[in-house]
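What follows is the content of final17.pdb (PDB, C-alpha atoms).
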ATOM      1  CA  MET A   1      45.398 -11.550 -27.983
ATOM      2  CA  THR A   2      42.937 -13.907 -26.391
ATOM      3  CA  THR A   3      39.932 -13.119 -24.339
ATOM      4  CA  GLU A   4      38.818 -15.276 -21.491
ATOM      5  CA  LYS A   5      35.261 -16.395 -21.478
ATOM      6  CA  ARG A   6      33.732 -15.532 -18.120
ATOM      7  CA  ARG A   7      31.864 -18.215 -16.333
ATOM      8  CA  ALA A   8      28.586 -17.527 -14.604
ATOM      9  CA  PRO A   9      28.915 -17.394 -10.826
ATOM     10  CA  ALA A  10      28.117 -20.619  -9.073
ATOM     11  CA  GLY A  11      27.106 -21.778  -5.628
ATOM     12  CA  ALA A  12      25.997 -19.157  -3.152
ATOM     13  CA  ALA A  13      26.329 -16.365  -5.726
ATOM     14  CA  VAL A  14      23.420 -17.759  -7.745
ATOM     15  CA  LEU A  15      20.158 -16.963  -5.992
ATOM     16  CA  ARG A  16      17.200 -17.896  -8.140
ATOM     17  CA  GLY A  17      14.345 -15.451  -7.812
ATOM     18  CA  GLU A  18      11.605 -18.064  -7.913
ATOM     19  CA  ILE A  19      13.160 -19.898  -4.971
ATOM     20  CA  THR A  20      13.392 -16.682  -2.957
ATOM     21  CA  THR A  21       9.734 -15.970  -3.717
ATOM     22  CA  ALA A  22       8.731 -19.497  -2.689
ATOM     23  CA  ILE A  23      10.601 -19.146   0.601
ATOM     24  CA  ARG A  24       8.944 -15.834   1.410
ATOM     25  CA  ARG A  25       5.510 -17.249   0.623
ATOM     26  CA  ALA A  26       6.210 -20.333   2.736
ATOM     27  CA  LEU A  27       7.377 -18.153   5.619
ATOM     28  CA  MET A  28       4.132 -16.181   5.630
ATOM     29  CA  GLN A  29       2.072 -19.360   5.605
ATOM     30  CA  GLU A  30       4.126 -21.040   8.316
ATOM     31  CA  LEU A  31       4.163 -17.912  10.469
ATOM     32  CA  ALA A  32       0.383 -17.677  10.249
ATOM     33  CA  ALA A  33       0.033 -21.375  11.060
ATOM     34  CA  VAL A  34       2.328 -21.712  14.096
ATOM     35  CA  GLY A  35       3.457 -18.230  15.149
ATOM     36  CA  TYR A  36       6.992 -16.905  15.529
ATOM     37  CA  GLY A  37       7.810 -18.890  18.660
ATOM     38  CA  ARG A  38       7.286 -22.278  16.986
ATOM     39  CA  LEU A  39       8.559 -21.206  13.569
ATOM     40  CA  SER A  40      11.514 -23.220  12.258
ATOM     41  CA  ILE A  41      13.723 -22.983   9.197
ATOM     42  CA  GLU A  42      13.127 -26.704   8.619
ATOM     43  CA  ALA A  43       9.365 -26.216   8.394
ATOM     44  CA  VAL A  44       9.702 -23.207   6.074
ATOM     45  CA  ALA A  45      12.054 -25.166   3.809
ATOM     46  CA  ARG A  46       9.689 -28.125   3.743
ATOM     47  CA  ARG A  47       6.708 -25.938   2.892
ATOM     48  CA  ALA A  48       8.689 -24.105   0.178
ATOM     49  CA  GLY A  49      10.040 -27.354  -1.279
ATOM     50  CA  VAL A  50      13.665 -26.253  -0.911
ATOM     51  CA  SER A  51      16.641 -27.226   1.219
ATOM     52  CA  LYS A  52      17.598 -25.441   4.431
ATOM     53  CA  THR A  53      20.803 -24.451   2.651
ATOM     54  CA  ALA A  54      18.768 -22.451   0.136
ATOM     55  CA  ILE A  55      17.343 -20.417   2.998
ATOM     56  CA  TYR A  56      20.656 -19.940   4.803
ATOM     57  CA  ARG A  57      22.220 -18.677   1.576
ATOM     58  CA  ARG A  58      19.781 -15.779   1.765
ATOM     59  CA  TRP A  59      19.248 -15.222   5.492
ATOM     60  CA  ASN A  60      21.356 -16.046   8.547
ATOM     61  CA  SER A  61      18.448 -16.994  10.803
ATOM     62  CA  LYS A  62      14.686 -17.143  11.078
ATOM     63  CA  LEU A  63      14.833 -13.751  12.797
ATOM     64  CA  ASP A  64      16.562 -12.166   9.781
ATOM     65  CA  LEU A  65      14.022 -13.771   7.475
ATOM     66  CA  VAL A  66      11.040 -12.539   9.466
ATOM     67  CA  LEU A  67      12.451  -9.033   9.901
ATOM     68  CA  GLU A  68      12.978  -8.668   6.172
ATOM     69  CA  ILE A  69       9.405  -9.741   5.467
ATOM     70  CA  VAL A  70       8.079  -7.294   8.057
ATOM     71  CA  ALA A  71      10.064  -4.433   6.544
ATOM     72  CA  ALA A  72       8.919  -5.324   3.022
ATOM     73  CA  ALA A  73       5.267  -5.553   4.077
ATOM     74  CA  ALA A  74       5.424  -2.181   5.838
ATOM     75  CA  HIS A  75       6.558  -0.566   2.596
ATOM     76  CA  GLY A  76       3.827  -2.143   0.497
ATOM     77  CA  LYS A  77       1.951  -0.058  -2.045
ATOM     78  CA  LEU A  78      -0.975   2.137  -1.057
ATOM     79  CA  PRO A  79      -3.335   4.057  -3.350
ATOM     80  CA  VAL A  80      -2.561   7.723  -3.990
ATOM     81  CA  LEU A  81      -4.072   9.503  -0.997
ATOM     82  CA  ASP A  82      -4.994  12.831  -2.568
ATOM     83  CA  THR A  83      -8.778  13.000  -2.999
ATOM     84  CA  GLY A  84      -9.045  16.739  -2.395
ATOM     85  CA  THR A  85     -10.274  16.542   1.212
ATOM     86  CA  LEU A  86      -8.871  15.119   4.419
ATOM     87  CA  ARG A  87     -12.099  13.176   4.934
ATOM     88  CA  GLY A  88     -11.707  11.562   1.522
ATOM     89  CA  ASP A  89      -8.025  10.818   2.135
ATOM     90  CA  LEU A  90      -8.804   9.223   5.515
ATOM     91  CA  THR A  91     -11.606   7.144   4.033
ATOM     92  CA  LEU A  92      -9.312   5.833   1.302
ATOM     93  CA  LEU A  93      -6.470   5.154   3.772
ATOM     94  CA  PHE A  94      -8.672   3.291   6.249
ATOM     95  CA  GLN A  95     -10.280   1.228   3.486
ATOM     96  CA  ALA A  96      -6.858   0.235   2.106
ATOM     97  CA  VAL A  97      -5.551  -0.699   5.565
ATOM     98  CA  ALA A  98      -8.692  -2.659   6.391
ATOM     99  CA  HIS A  99      -8.531  -4.542   3.094
ATOM    100  CA  ALA A 100      -4.936  -5.559   3.771
ATOM    101  CA  LEU A 101      -5.610  -6.572   7.368
ATOM    102  CA  ARG A 102      -8.657  -8.648   6.446
ATOM    103  CA  HIS A 103      -6.387 -11.091   4.627
ATOM    104  CA  PRO A 104      -6.316 -14.289   6.731
ATOM    105  CA  LEU A 105      -2.513 -14.357   6.844
ATOM    106  CA  ALA A 106      -2.227 -10.740   7.948
ATOM    107  CA  SER A 107      -4.933 -11.113  10.587
ATOM    108  CA  GLN A 108      -2.992 -13.979  12.176
ATOM    109  CA  ILE A 109       0.591 -12.806  11.689
ATOM    110  CA  ILE A 110       0.359  -9.184  12.830
ATOM    111  CA  PRO A 111      -1.094  -9.796  16.335
ATOM    112  CA  ASP A 112       1.439 -12.601  16.842
ATOM    113  CA  LEU A 113       4.383 -10.390  15.904
ATOM    114  CA  LEU A 114       3.114  -7.562  18.096
ATOM    115  CA  ALA A 115       2.979  -9.974  21.022
ATOM    116  CA  GLU A 116       6.416 -11.370  20.145
ATOM    117  CA  ALA A 117       7.848  -7.844  20.055
ATOM    118  CA  ALA A 118       7.260  -7.585  23.792
ATOM    119  CA  ARG A 119       9.662 -10.512  24.278
ATOM    120  CA  ASN A 120      12.135  -9.988  21.443
ATOM    121  CA  PRO A 121      14.060  -6.674  21.338
ATOM    122  CA  SER A 122      15.108  -7.190  17.701
ATOM    123  CA  ILE A 123      11.541  -7.618  16.483
ATOM    124  CA  ASP A 124      10.414  -4.750  18.690
ATOM    125  CA  ALA A 125      13.096  -2.430  17.267
ATOM    126  CA  THR A 126      12.291  -3.377  13.670
ATOM    127  CA  LEU A 127       8.550  -2.942  14.118
ATOM    128  CA  ARG A 128       9.069   0.410  15.776
ATOM    129  CA  GLN A 129      11.436   1.594  13.059
ATOM    130  CA  VAL A 130       9.563   0.507   9.955
ATOM    131  CA  LEU A 131       6.054   1.171  11.238
ATOM    132  CA  HIS A 132       6.966   4.566  12.693
ATOM    133  CA  ALA A 133       8.656   5.595   9.454
ATOM    134  CA  ARG A 134       5.664   4.409   7.439
ATOM    135  CA  GLN A 135       3.084   6.198   9.566
ATOM    136  CA  GLN A 136       5.142   9.391   9.573
ATOM    137  CA  ASP A 137       5.418   9.272   5.791
ATOM    138  CA  ILE A 138       1.739   8.603   5.098
ATOM    139  CA  GLY A 139       0.249  10.567   7.973
ATOM    140  CA  GLY A 140       2.619  13.453   7.423
ATOM    141  CA  ARG A 141       1.510  13.817   3.810
ATOM    142  CA  LEU A 142      -2.181  13.699   4.757
ATOM    143  CA  VAL A 143      -1.766  16.381   7.406
ATOM    144  CA  SER A 144       0.456  18.559   5.206
ATOM    145  CA  ARG A 145      -2.063  18.526   2.348
ATOM    146  CA  ALA A 146      -4.913  19.310   4.739
ATOM    147  CA  VAL A 147      -2.969  22.322   6.055
ATOM    148  CA  GLN A 148      -2.235  23.493   2.501
ATOM    149  CA  ARG A 149      -5.940  23.208   1.614
ATOM    150  CA  GLY A 150      -6.905  25.233   4.673
ATOM    151  CA  GLU A 151      -8.752  22.355   6.322
ATOM    152  CA  LEU A 152      -6.348  22.338   9.277
ATOM    153  CA  PRO A 153      -4.638  25.285  10.983
ATOM    154  CA  ALA A 154      -1.050  25.974  10.011
ATOM    155  CA  ASP A 155       0.084  25.299  13.590
ATOM    156  CA  THR A 156      -1.410  21.790  13.671
ATOM    157  CA  ASP A 157       0.896  19.420  15.578
ATOM    158  CA  PRO A 158       1.678  16.748  12.956
ATOM    159  CA  ASP A 159       2.763  14.126  15.509
ATOM    160  CA  ALA A 160      -0.447  14.481  17.522
ATOM    161  CA  ALA A 161      -2.516  14.440  14.331
ATOM    162  CA  ILE A 162      -0.820  11.270  13.117
ATOM    163  CA  ASP A 163      -1.433   9.619  16.508
ATOM    164  CA  LEU A 164      -5.135  10.437  16.170
ATOM    165  CA  ILE A 165      -5.189   8.899  12.689
ATOM    166  CA  VAL A 166      -3.304   5.643  13.278
ATOM    167  CA  GLY A 167      -3.829   5.129  17.025
ATOM    168  CA  PRO A 168      -7.405   3.809  16.808
ATOM    169  CA  LEU A 169      -6.441   1.305  14.114
ATOM    170  CA  TYR A 170      -3.631  -0.064  16.266
ATOM    171  CA  TRP A 171      -5.908  -0.276  19.311
ATOM    172  CA  ARG A 172      -8.654  -2.026  17.346
ATOM    173  CA  LEU A 173      -6.249  -4.536  15.825
ATOM    174  CA  ALA A 174      -3.713  -5.241  18.565
ATOM    175  CA  ILE A 175      -5.552  -4.587  21.836
ATOM    176  CA  ALA A 176      -9.305  -4.955  21.331
ATOM    177  CA  ARG A 177      -8.863  -7.614  18.600
ATOM    178  CA  LEU A 178     -12.064  -6.470  16.901
ATOM    179  CA  PRO A 179     -12.802  -6.428  13.143
ATOM    180  CA  LEU A 180     -12.425  -3.299  11.035
ATOM    181  CA  THR A 181     -15.978  -3.139   9.703
ATOM    182  CA  ASP A 182     -17.175  -0.560   7.164
ATOM    183  CA  SER A 183     -19.478   1.040   9.733
ATOM    184  CA  TYR A 184     -16.636   1.337  12.241
ATOM    185  CA  LEU A 185     -14.350   2.901   9.629
ATOM    186  CA  ASP A 186     -17.058   5.429   8.690
ATOM    187  CA  ARG A 187     -17.435   6.422  12.341
ATOM    188  CA  LEU A 188     -13.679   6.560  12.749
ATOM    189  CA  VAL A 189     -13.283   8.954   9.812
ATOM    190  CA  GLU A 190     -15.887  11.313  11.301
ATOM    191  CA  SER A 191     -14.347  11.062  14.771
ATOM    192  CA  VAL A 192     -10.838  11.856  13.493
ATOM    193  CA  VAL A 193     -12.114  14.744  11.363
ATOM    194  CA  ALA A 194     -13.961  16.165  14.373
ATOM    195  CA  ALA A 195     -11.010  15.643  16.726
ATOM    196  CA  LEU A 196      -8.647  17.428  14.359
ATOM    197  CA  GLY A 197     -11.085  20.329  13.980
ATOM    198  CA  VAL A 198     -11.301  20.157  10.194
ATOM    199  CA  GLU A 199     -12.865  23.361   8.918
ATOM    200  CA  GLY A 200     -15.580  23.720   6.317
ATOM    201  CA  THR A 201     -16.858  20.143   6.424
ATOM    202  CA  VAL A 202     -20.154  18.452   7.218
ATOM    203  CA  PRO A 203     -20.631  14.865   8.404
ATOM    204  CA  HIS A 204     -20.852  12.350   5.582
ATOM    205  CA  GLN A 205     -22.935   9.183   5.727
ATOM    206  CA  ARG A 206     -22.249   6.127   3.571
ATOM    207  CA  GLY A 207     -24.934   5.740   0.933
ATOM    208  CA  ALA A 208     -26.598   9.085   1.715
ATOM    209  CA  VAL A 209     -28.615  10.578  -1.177
ATOM    210  CA  VAL A 210     -27.629  14.129  -2.001
ATOM    211  CA  GLY A 211     -30.514  16.595  -2.279
ATOM    212  CA  LYS A 212     -32.998  14.710  -0.074
TER     213      LYS A 212
END
Give the structure from this file in structure tokens form.
Amino acid sequence: MTTEKRRAPAGAAVLRGEITTAIRRALMQELAAVGYGRLSIEAVARRAGVSKTAIYRRWNSKLDLVLEIVAAAAHGKLPVLDTGTLRGDLTLLFQAVAHALRHPLASQIIPDLLAEAARNPSIDATLRQVLHARQQDIGGRLVSRAVQRGELPADTDPDAAIDLIVGPLYWRLAIARLPLTDSYLDRLVESVVAALGVEGTVPHQRGAVVGK
């Protein structure tokens, strides 16, 4: 009885991880440099140092490539948001979001994609789906824990609460185009806490000395 020695798959079946990583990195850089409208597979391939074929083996079009990157970014890691208070959870969330959005690539890519979504139904649908799911997941957990701790009433409307939490960040980033400074984030935390009617809390000031 003989056994056949299996050959490793060749051609399109072999997708080297380092090439995929290089393409994704090149896409982010090219997208930040020229925007979605002027983005081309040729330019991404040139920046990544690969052939166009290498990209088309992985994605059918620049739209597919961009949508995958958007979905992956939306599901990026966040710190564990369970500090013991809603104020603490909001502070940690806003700091993490601000840190991510201060990256030069993110600050250029996100406004461009939001503008492109108004013209491209596929991008619009993907942004709505992944961002809505993400905000419902994160915001829902924050609100649920606050209700369990007795900070928020049991009948708190989670959708309205989540809108109050994430809405100002979206407005600041996409509409006003203003930076997310530490002082703004501190004020935002206090405003959201007050708007939600969090019980048993007092305003907190950054750098305040306890006991004075």
Using the chain letters and numbers from this file, what does the PyMOL selection byres ((chain A and resi 126) around 12) select? Give the answer as a PDB file with C-alpha atoms, in the frame of the given file.
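The new file part32.pdb reads:
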ATOM      1  CA  LEU A  63      14.833 -13.751  12.797  1.00  0.00           C
ATOM      2  CA  ASP A  64      16.562 -12.166   9.781  1.00  0.00           C
ATOM      3  CA  VAL A  66      11.040 -12.539   9.466  1.00  0.00           C
ATOM      4  CA  LEU A  67      12.451  -9.033   9.901  1.00  0.00           C
ATOM      5  CA  GLU A  68      12.978  -8.668   6.172  1.00  0.00           C
ATOM      6  CA  ILE A  69       9.405  -9.741   5.467  1.00  0.00           C
ATOM      7  CA  VAL A  70       8.079  -7.294   8.057  1.00  0.00           C
ATOM      8  CA  ALA A  71      10.064  -4.433   6.544  1.00  0.00           C
ATOM      9  CA  ALA A  72       8.919  -5.324   3.022  1.00  0.00           C
ATOM     10  CA  ALA A  74       5.424  -2.181   5.838  1.00  0.00           C
ATOM     11  CA  LEU A 113       4.383 -10.390  15.904  1.00  0.00           C
ATOM     12  CA  LEU A 114       3.114  -7.562  18.096  1.00  0.00           C
ATOM     13  CA  GLU A 116       6.416 -11.370  20.145  1.00  0.00           C
ATOM     14  CA  ALA A 117       7.848  -7.844  20.055  1.00  0.00           C
ATOM     15  CA  ASN A 120      12.135  -9.988  21.443  1.00  0.00           C
ATOM     16  CA  PRO A 121      14.060  -6.674  21.338  1.00  0.00           C
ATOM     17  CA  SER A 122      15.108  -7.190  17.701  1.00  0.00           C
ATOM     18  CA  ILE A 123      11.541  -7.618  16.483  1.00  0.00           C
ATOM     19  CA  ASP A 124      10.414  -4.750  18.690  1.00  0.00           C
ATOM     20  CA  ALA A 125      13.096  -2.430  17.267  1.00  0.00           C
ATOM     21  CA  LEU A 127       8.550  -2.942  14.118  1.00  0.00           C
ATOM     22  CA  ARG A 128       9.069   0.410  15.776  1.00  0.00           C
ATOM     23  CA  GLN A 129      11.436   1.594  13.059  1.00  0.00           C
ATOM     24  CA  VAL A 130       9.563   0.507   9.955  1.00  0.00           C
ATOM     25  CA  LEU A 131       6.054   1.171  11.238  1.00  0.00           C
ATOM     26  CA  HIS A 132       6.966   4.566  12.693  1.00  0.00           C
ATOM     27  CA  ALA A 133       8.656   5.595   9.454  1.00  0.00           C
ATOM     28  CA  ARG A 134       5.664   4.409   7.439  1.00  0.00           C
TER      29      ARG A 134
END
Run the PyMOL selection byres ((chain A and resi 197) around 12) mentally over the shown coordinates, then write out the matched residues as a short mmCIF file (atom, residue, chain, number, x, y, z; two decimals) with C-alpha atoms, in the coordinates of the input, using the chain letters and numbers from the document.
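The file below, out-v5.cif, is the result:
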data_model
loop_
_atom_site.label_atom_id
_atom_site.label_comp_id
_atom_site.auth_asym_id
_atom_site.auth_seq_id
_atom_site.Cartn_x
_atom_site.Cartn_y
_atom_site.Cartn_z
CA LEU A 86 -8.87 15.12 4.42
CA ARG A 87 -12.10 13.18 4.93
CA ALA A 146 -4.91 19.31 4.74
CA VAL A 147 -2.97 22.32 6.06
CA GLY A 150 -6.90 25.23 4.67
CA GLU A 151 -8.75 22.36 6.32
CA LEU A 152 -6.35 22.34 9.28
CA PRO A 153 -4.64 25.28 10.98
CA THR A 156 -1.41 21.79 13.67
CA ALA A 161 -2.52 14.44 14.33
CA LEU A 164 -5.14 10.44 16.17
CA GLU A 190 -15.89 11.31 11.30
CA SER A 191 -14.35 11.06 14.77
CA VAL A 192 -10.84 11.86 13.49
CA VAL A 193 -12.11 14.74 11.36
CA ALA A 194 -13.96 16.16 14.37
CA ALA A 195 -11.01 15.64 16.73
CA LEU A 196 -8.65 17.43 14.36
CA VAL A 198 -11.30 20.16 10.19
CA GLU A 199 -12.86 23.36 8.92
CA GLY A 200 -15.58 23.72 6.32
CA THR A 201 -16.86 20.14 6.42
CA VAL A 202 -20.15 18.45 7.22
#
Please report the interatomic distance between atom CA of Arg24 of chain A and atom CA of Gly37 of chain A in Å with one decimal. 17.6 Å
So that all listed atoms of segment 87-97 of chain A fit with 8 Å spare on each side, what axis-aligned box centre and edge lengths in Å, to one decimal, would you give as JSON?
{"center_x": -8.8, "center_y": 6.2, "center_z": 3.8, "size_x": 22.5, "size_y": 29.9, "size_z": 20.9}
Quick one: distance from atom CA of Ser183 of chain A to atom CA of Pro79 of chain A in Å, one decimal? 21.0 Å
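Residues with any atom within 9 Å of Ile165 of chain A, counting all atoms listed in the file and excluding same-chain neighbours fewer than 3 positions away, are Leu90, Gly139, Ala160, Ala161, Ile162, Pro168, Leu169, Leu188, Val189 and Val192 of chain A.
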With a distance cut-off of 9 Å and all atoms listed in the file, select the neighbouring residues of Pro158 of chain A, excluding the residue or stretch itself and same-chain residues fewer than 6 positions from it, and output the selection as a ChimeraX atom specification. /A:136,139-140,143-144
Using the partial input, fill out segment 173-184 of chain A with all heavy atoms; write the result as a PDB file, in the coordinates of the input.
ATOM      1  N   LEU A 173      -6.883  -3.309  16.314  1.00  0.00           N
ATOM      2  CA  LEU A 173      -6.249  -4.536  15.825  1.00  0.00           C
ATOM      3  C   LEU A 173      -5.506  -5.283  16.923  1.00  0.00           C
ATOM      4  O   LEU A 173      -5.707  -6.489  17.105  1.00  0.00           O
ATOM      5  CB  LEU A 173      -5.266  -4.195  14.695  1.00  0.00           C
ATOM      6  CG  LEU A 173      -4.385  -5.336  14.200  1.00  0.00           C
ATOM      7  CD1 LEU A 173      -5.213  -6.367  13.448  1.00  0.00           C
ATOM      8  CD2 LEU A 173      -3.262  -4.803  13.316  1.00  0.00           C
ATOM      9  N   ALA A 174      -4.645  -4.571  17.650  1.00  0.00           N
ATOM     10  CA  ALA A 174      -3.713  -5.241  18.565  1.00  0.00           C
ATOM     11  C   ALA A 174      -4.252  -5.432  19.977  1.00  0.00           C
ATOM     12  O   ALA A 174      -3.903  -6.405  20.642  1.00  0.00           O
ATOM     13  CB  ALA A 174      -2.405  -4.452  18.632  1.00  0.00           C
ATOM     14  N   ILE A 175      -5.091  -4.524  20.456  1.00  0.00           N
ATOM     15  CA  ILE A 175      -5.552  -4.587  21.836  1.00  0.00           C
ATOM     16  C   ILE A 175      -6.968  -5.159  21.928  1.00  0.00           C
ATOM     17  O   ILE A 175      -7.200  -6.179  22.578  1.00  0.00           O
ATOM     18  CB  ILE A 175      -5.514  -3.194  22.497  1.00  0.00           C
ATOM     19  CG1 ILE A 175      -4.130  -2.547  22.307  1.00  0.00           C
ATOM     20  CG2 ILE A 175      -5.871  -3.313  23.983  1.00  0.00           C
ATOM     21  CD1 ILE A 175      -2.984  -3.349  22.873  1.00  0.00           C
ATOM     22  N   ALA A 176      -7.915  -4.503  21.258  1.00  0.00           N
ATOM     23  CA  ALA A 176      -9.305  -4.955  21.331  1.00  0.00           C
ATOM     24  C   ALA A 176      -9.547  -6.227  20.519  1.00  0.00           C
ATOM     25  O   ALA A 176     -10.463  -6.988  20.807  1.00  0.00           O
ATOM     26  CB  ALA A 176     -10.238  -3.841  20.853  1.00  0.00           C
ATOM     27  N   ARG A 177      -8.724  -6.442  19.483  1.00  0.00           N
ATOM     28  CA  ARG A 177      -8.863  -7.614  18.600  1.00  0.00           C
ATOM     29  C   ARG A 177     -10.267  -7.675  18.001  1.00  0.00           C
ATOM     30  O   ARG A 177     -10.922  -8.719  17.985  1.00  0.00           O
ATOM     31  CB  ARG A 177      -8.567  -8.908  19.357  1.00  0.00           C
ATOM     32  CG  ARG A 177      -7.161  -8.992  19.949  1.00  0.00           C
ATOM     33  CD  ARG A 177      -6.107  -9.193  18.876  1.00  0.00           C
ATOM     34  NE  ARG A 177      -4.783  -9.371  19.444  1.00  0.00           N
ATOM     35  CZ  ARG A 177      -4.244 -10.566  19.721  1.00  0.00           C
ATOM     36  NH1 ARG A 177      -4.921 -11.659  19.483  1.00  0.00           N
ATOM     37  NH2 ARG A 177      -3.025 -10.634  20.203  1.00  0.00           N
ATOM     38  N   LEU A 178     -10.746  -6.553  17.506  1.00  0.00           N
ATOM     39  CA  LEU A 178     -12.064  -6.470  16.901  1.00  0.00           C
ATOM     40  C   LEU A 178     -11.929  -6.198  15.404  1.00  0.00           C
ATOM     41  O   LEU A 178     -10.941  -5.602  14.961  1.00  0.00           O
ATOM     42  CB  LEU A 178     -12.887  -5.351  17.559  1.00  0.00           C
ATOM     43  CG  LEU A 178     -13.231  -5.561  19.046  1.00  0.00           C
ATOM     44  CD1 LEU A 178     -13.882  -4.309  19.612  1.00  0.00           C
ATOM     45  CD2 LEU A 178     -14.133  -6.768  19.211  1.00  0.00           C
ATOM     46  N   PRO A 179     -12.909  -6.612  14.596  1.00  0.00           N
ATOM     47  CA  PRO A 179     -12.802  -6.428  13.143  1.00  0.00           C
ATOM     48  C   PRO A 179     -12.936  -4.966  12.732  1.00  0.00           C
ATOM     49  O   PRO A 179     -13.587  -4.165  13.415  1.00  0.00           O
ATOM     50  CB  PRO A 179     -13.980  -7.264  12.602  1.00  0.00           C
ATOM     51  CG  PRO A 179     -14.973  -7.281  13.724  1.00  0.00           C
ATOM     52  CD  PRO A 179     -14.150  -7.325  14.978  1.00  0.00           C
ATOM     53  N   LEU A 180     -12.317  -4.641  11.605  1.00  0.00           N
ATOM     54  CA  LEU A 180     -12.425  -3.299  11.035  1.00  0.00           C
ATOM     55  C   LEU A 180     -13.584  -3.300  10.047  1.00  0.00           C
ATOM     56  O   LEU A 180     -13.402  -3.459   8.838  1.00  0.00           O
ATOM     57  CB  LEU A 180     -11.112  -2.911  10.343  1.00  0.00           C
ATOM     58  CG  LEU A 180      -9.886  -2.789  11.238  1.00  0.00           C
ATOM     59  CD1 LEU A 180      -8.627  -2.580  10.407  1.00  0.00           C
ATOM     60  CD2 LEU A 180     -10.053  -1.649  12.243  1.00  0.00           C
ATOM     61  N   THR A 181     -14.796  -3.117  10.554  1.00  0.00           N
ATOM     62  CA  THR A 181     -15.978  -3.139   9.703  1.00  0.00           C
ATOM     63  C   THR A 181     -16.146  -1.804   8.983  1.00  0.00           C
ATOM     64  O   THR A 181     -15.592  -0.773   9.403  1.00  0.00           O
ATOM     65  CB  THR A 181     -17.238  -3.414  10.530  1.00  0.00           C
ATOM     66  OG1 THR A 181     -17.405  -2.338  11.480  1.00  0.00           O
ATOM     67  CG2 THR A 181     -17.104  -4.730  11.298  1.00  0.00           C
ATOM     68  N   ASP A 182     -16.931  -1.802   7.911  1.00  0.00           N
ATOM     69  CA  ASP A 182     -17.175  -0.560   7.164  1.00  0.00           C
ATOM     70  C   ASP A 182     -17.826   0.494   8.055  1.00  0.00           C
ATOM     71  O   ASP A 182     -17.483   1.682   7.984  1.00  0.00           O
ATOM     72  CB  ASP A 182     -18.059  -0.833   5.945  1.00  0.00           C
ATOM     73  CG  ASP A 182     -17.320  -1.592   4.852  1.00  0.00           C
ATOM     74  OD1 ASP A 182     -16.074  -1.572   4.855  1.00  0.00           O
ATOM     75  OD2 ASP A 182     -17.982  -2.203   3.994  1.00  0.00           O
ATOM     76  N   SER A 183     -18.787   0.072   8.879  1.00  0.00           N
ATOM     77  CA  SER A 183     -19.478   1.040   9.733  1.00  0.00           C
ATOM     78  C   SER A 183     -18.522   1.642  10.759  1.00  0.00           C
ATOM     79  O   SER A 183     -18.584   2.846  11.049  1.00  0.00           O
ATOM     80  CB  SER A 183     -20.662   0.373  10.444  1.00  0.00           C
ATOM     81  OG  SER A 183     -20.218  -0.699  11.268  1.00  0.00           O
ATOM     82  N   TYR A 184     -17.625   0.820  11.294  1.00  0.00           N
ATOM     83  CA  TYR A 184     -16.636   1.337  12.241  1.00  0.00           C
ATOM     84  C   TYR A 184     -15.707   2.329  11.547  1.00  0.00           C
ATOM     85  O   TYR A 184     -15.403   3.389  12.108  1.00  0.00           O
ATOM     86  CB  TYR A 184     -15.817   0.199  12.848  1.00  0.00           C
ATOM     87  CG  TYR A 184     -14.630   0.703  13.647  1.00  0.00           C
ATOM     88  CD1 TYR A 184     -14.812   1.237  14.918  1.00  0.00           C
ATOM     89  CD2 TYR A 184     -13.338   0.689  13.118  1.00  0.00           C
ATOM     90  CE1 TYR A 184     -13.733   1.728  15.650  1.00  0.00           C
ATOM     91  CE2 TYR A 184     -12.259   1.184  13.847  1.00  0.00           C
ATOM     92  CZ  TYR A 184     -12.469   1.696  15.102  1.00  0.00           C
ATOM     93  OH  TYR A 184     -11.412   2.195  15.814  1.00  0.00           O
TER      94      TYR A 184
END
